[in-house]
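**Student:** Got a structure for you, questions after.
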Amino acid sequence: MALVTSSAAISHVGKIRSNNQDSGFAGQSLFAVADGMGGHAGGDVASALAITRLREIDGEYGSAVDAEFALQEAIVAANAILAETVFEHPELTGMGTTLSALVRVGHSVALAHIGDSRVYRFRDGALTQITADHTFVQRLVDSGRITAEEAKTHPRRSVLMRVLGDVDSTPDVDLQVMDTRPGDRWLICSDGLTGVVDNDHISEALASEMSPAEVVSDLVKQALDGGAPDNVTIVVVDISSSFDEQGVEPVTVGSASKPVAFEGSLGKRVSRIPGLRLHQRGPSDPSHFEPESEDYLDELIEENRRRSRRRKAAWLAGLLVVVLALAATAFIGYQWTQTRYYVGAVDGKVAIYHGVQQTVGPIALSEVYQVTKISVDDLPMYTQEQVSDTINADSVDAARDIVKRLGEAVETTPAPTPTPSPAPAAAPAAADAPAAPVG
């Protein structure tokens, strides 16, 4: 039974950007997402031109290899169109776009990818990222220099190492053919989704019984709930064997859904295209491209090492500050304890202690200052209990006053009256004693 597809596409400007520089397409067999870069005037044009050219290959193919070749040819052509547009409109210098695309052919799919948009496959409850980001931080992760968690907040996370643009006439695009089967759910998205919504939540949405249209709406809502600092574009494709594919209407979303401002230049060809370096920075468009030259990579790697050293130095400095703060607090606290006194008992005698009753581990925070001649046993019973529990004093003079009062309590305590011992009884005469002689 032939495999068929049902799909949905959506694109949202997000909560921060003023315009949508993403474009997406869901057709009969072709599904693609492009994320433009290059500032307000260029990113939307770049993604729109790429998707406009790519959607021309939406159709039937004899094999996945044929579809793979068509993808490669269309992407090279789209790259040339971008370069020509920049040549004819210098104000667009620096524009470029990522591109992730999938063509379904029977039991296979042909994939093409460049940049940091992504393709995922959800199969048997497991989400798998099929494409690899062409970013500087991904290289650091792959080489073990940083972790995937560190990559999420790395200051160079938006540096792209490969994009479509006016730099290379033959862009280095990842191409592959994979199998697909009923039940597979494919996701193509820009980093506006993956930068905000984690894999667990994406997997949960894809695992649901919702239709592709409901899934893309749910994922966009999650991105918006997470702040959506970037444009969000999502295409979801379901592979099944029970869907009637007749009458599928292609859907274009994002910038490509509107007329491209420089479409008039698409039919022109120029003989010489300058090799301009894409390098767009700024808070309005943090993503930018840097060529994969060894010198530049070495520079970025060395920068990452410096950043790592600064991070370690900052961590050590912070640790030192904490240790010093704790030491200062302990010292001040100890100094305060040595201004305190209390009255207690030692070896049955009333004594004055210097410090406080507490201990810190094996360290006592007090010591015997003076032992008096007052016996604890001579004190009234309730006063004995007070001394046993210790009596706090603010100063040594206050402690001595307490001792003085205890001494007075001893003097006023009446001595116990001794009980007289009974007189010994006279010894009885022995019954068998001899009688006294008479005469």
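Residue numbering restarts at 1 in every chain; chains get A, B, ... in the order shown in the structure tokens, and ligands count up from 1 in that same order.
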Residues of segment 16-222 of chain A classed as strand (DSSP E) by DSSP on the backbone are to be reported as a compact mmCIF listing (two decimals) with C-alpha atoms, in the first residue's frame.

**Tutor:**
# COMPACT_ATOMS: atom_id res chain seq x y z
CA ASP A 22 11.10 32.97 8.20
CA SER A 23 9.41 31.17 5.34
CA GLY A 24 7.84 27.72 5.17
CA PHE A 25 6.21 25.43 2.63
CA ALA A 26 4.07 22.28 2.77
CA LEU A 30 8.04 18.85 -0.64
CA PHE A 31 8.18 20.34 2.85
CA ALA A 32 10.66 23.06 3.81
CA VAL A 33 11.58 25.80 6.30
CA ALA A 34 13.97 28.73 5.73
CA ASP A 35 15.15 31.14 8.41
CA GLY A 36 16.43 34.39 6.93
CA MET A 37 19.13 36.64 8.36
CA GLY A 96 21.35 34.88 3.85
CA THR A 97 19.12 32.04 4.92
CA LEU A 99 17.18 25.87 4.62
CA SER A 100 15.90 22.48 5.76
CA ALA A 101 13.79 20.50 3.31
CA LEU A 102 12.25 17.05 2.90
CA VAL A 103 10.82 15.33 -0.17
CA ARG A 104 8.72 12.21 0.43
CA VAL A 105 9.01 9.52 -2.26
CA SER A 108 11.74 7.04 1.52
CA VAL A 109 12.46 10.69 2.12
CA ALA A 110 15.22 12.83 0.62
CA LEU A 111 16.60 15.46 2.98
CA ALA A 112 18.60 18.64 2.40
CA HIS A 113 19.91 20.87 5.15
CA ILE A 114 22.12 23.93 5.68
CA ARG A 118 16.16 21.41 12.07
CA VAL A 119 14.48 18.23 10.88
CA TYR A 120 13.16 15.74 13.48
CA ARG A 121 11.56 12.32 13.11
CA PHE A 122 9.10 11.04 15.70
CA ARG A 123 8.82 7.26 15.52
CA ALA A 126 10.99 8.51 20.29
CA LEU A 127 12.06 11.92 18.95
CA THR A 128 15.25 11.94 16.87
CA GLN A 129 17.04 15.01 15.55
CA VAL A 159 27.16 32.25 14.67
CA LEU A 160 26.30 30.15 11.61
CA ASP A 174 23.96 18.09 3.84
CA LEU A 175 22.02 15.61 1.68
CA GLN A 176 20.72 12.15 2.63
CA VAL A 177 18.04 9.57 1.88
CA MET A 178 16.22 7.81 4.72
CA ASP A 179 13.39 5.32 5.01
CA ARG A 185 5.72 12.09 12.07
CA TRP A 186 8.29 14.52 10.66
CA LEU A 187 8.94 17.99 12.06
CA ILE A 188 10.79 20.78 10.25
CA CYS A 189 11.26 24.00 12.20

**Student:** Could you tell me, as a list in words, which residues of segment 131-210 of chain A DSSP assigns to alpha helix (DSSP H) when given the backbone?

**Tutor:**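 Those residues are Phe136, Val137, Gln138, Arg139, Leu140, Val141, Asp142, Ala148, Glu149, Glu150, Ala151, Asp191, Gly192, Leu193, Thr194, Asn199, Asp200, His201, Ile202, Ser203, Glu204, Ala205, Leu206 and Ala207 of chain A.
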
**Student:** Just to confirm, what's the straight-line distance from atom CA of Val13 of chain A to atom CA of Ile239 of chain A in Å (one decimal)?

**Tutor:** 28.3 Å

**Student:** Calculate how many Å separate atom CA of Val141 of chain A from atom CA of Gly226 of chain A, rounding to one decimal.

**Tutor:**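 Answer for the atom CA of Val141 of chain A to atom CA of Gly226 of chain A separation: 24.7 Å.
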
**Student:** I want to know what sits within 8 Å of Glu367 of chain A, based on only C-alpha atoms, with residues of the same chain fewer than 4 positions away left out; could you give that as a list in words?

**Tutor:**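 Surrounding residues, per the criterion: Tyr353, His354 and Gly355 of chain A.
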
**Student:** Selected residues, N, CA and C atoms, written as a PDB file, in the first residue's frame, please.

**Tutor:**
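File selection_12.pdb, as written:
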ATOM      1  N   TYR A 353      31.557  31.697  83.607  1.00  0.00           N
ATOM      2  CA  TYR A 353      32.105  31.298  82.309  1.00  0.00           C
ATOM      3  C   TYR A 353      32.215  32.522  81.402  1.00  0.00           C
ATOM      4  N   HIS A 354      33.259  32.540  80.581  1.00  0.00           N
ATOM      5  CA  HIS A 354      33.472  33.594  79.585  1.00  0.00           C
ATOM      6  C   HIS A 354      33.075  33.040  78.215  1.00  0.00           C
ATOM      7  N   GLY A 355      32.082  33.653  77.545  1.00  0.00           N
ATOM      8  CA  GLY A 355      31.618  33.185  76.241  1.00  0.00           C
ATOM      9  C   GLY A 355      30.149  32.827  76.284  1.00  0.00           C
TER      10      GLY A 355
END

**Student:** Enter the distance from atom CA of Thr252 of chain A to atom CA of Met161 of chain A, in Å, rounded to one decimal.

**Tutor:**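 So the two atoms, atom CA of Thr252 of chain A and atom CA of Met161 of chain A, lie 27.0 Å apart.
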
**Student:** Extract, using only C-alpha atoms, all DNA, RNA and protein residues at most 9 Å from segment 328-344 of chain A, discarding same-chain residues fewer than 4 positions from it, and format them as a PyMOL selection string.

**Tutor:** chain A and resi 323-324+349-357+365-366+369+386-396+398-400+402-403

**Student:** Save the residues we just selected, C-alpha atoms, as a PDB file, in the first residue's frame?

**Tutor:**
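This went into selection-v1.pdb:
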ATOM      1  CA  VAL A 323      34.836  31.956  51.804  1.00  0.00           C
ATOM      2  CA  LEU A 324      36.060  35.356  52.982  1.00  0.00           C
ATOM      3  CA  LYS A 349      30.935  24.684  92.572  1.00  0.00           C
ATOM      4  CA  VAL A 350      29.316  27.812  91.156  1.00  0.00           C
ATOM      5  CA  ALA A 351      31.525  29.255  88.388  1.00  0.00           C
ATOM      6  CA  ILE A 352      31.621  32.195  86.007  1.00  0.00           C
ATOM      7  CA  TYR A 353      32.105  31.298  82.309  1.00  0.00           C
ATOM      8  CA  HIS A 354      33.472  33.594  79.585  1.00  0.00           C
ATOM      9  CA  GLY A 355      31.618  33.185  76.241  1.00  0.00           C
ATOM     10  CA  VAL A 356      28.345  31.501  75.288  1.00  0.00           C
ATOM     11  CA  GLN A 357      27.032  28.040  75.997  1.00  0.00           C
ATOM     12  CA  LEU A 365      32.619  28.869  72.558  1.00  0.00           C
ATOM     13  CA  SER A 366      33.199  29.378  76.299  1.00  0.00           C
ATOM     14  CA  TYR A 369      36.606  32.392  83.936  1.00  0.00           C
ATOM     15  CA  GLN A 386      18.858  27.738  87.478  1.00  0.00           C
ATOM     16  CA  VAL A 387      22.600  27.296  87.890  1.00  0.00           C
ATOM     17  CA  SER A 388      22.417  23.899  86.221  1.00  0.00           C
ATOM     18  CA  ASP A 389      20.625  25.481  83.216  1.00  0.00           C
ATOM     19  CA  THR A 390      23.138  28.431  83.346  1.00  0.00           C
ATOM     20  CA  ILE A 391      22.292  32.094  83.929  1.00  0.00           C
ATOM     21  CA  ASN A 392      23.283  34.567  81.185  1.00  0.00           C
ATOM     22  CA  ALA A 393      25.095  37.817  81.960  1.00  0.00           C
ATOM     23  CA  ASP A 394      25.944  40.754  79.689  1.00  0.00           C
ATOM     24  CA  SER A 395      29.297  41.408  81.361  1.00  0.00           C
ATOM     25  CA  VAL A 396      31.693  40.050  83.938  1.00  0.00           C
ATOM     26  CA  ALA A 398      26.816  41.322  85.889  1.00  0.00           C
ATOM     27  CA  ALA A 399      28.054  37.737  86.356  1.00  0.00           C
ATOM     28  CA  ARG A 400      29.680  38.690  89.658  1.00  0.00           C
ATOM     29  CA  ILE A 402      24.658  37.031  90.109  1.00  0.00           C
ATOM     30  CA  VAL A 403      27.294  35.129  92.103  1.00  0.00           C
TER      31      VAL A 403
END

**Student:** Pick from A:Arg157, A:Arg55, A:Arg139, A:His134: nearest to Asp172 of chain A, with only C-alpha atoms counted?

**Tutor:**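 Comparing A:Arg157, A:Arg55, A:Arg139, A:His134 against Asp172 of chain A, the winner is A:His134.
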
**Student:** Point out the residue among A:Ser29, A:Gly38, A:Ser158, A:Gln138 with the least atom-to-atom distance to Thr93 of chain A, counting only C-alpha atoms.

**Tutor:**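 Closest candidate: A:Gly38.
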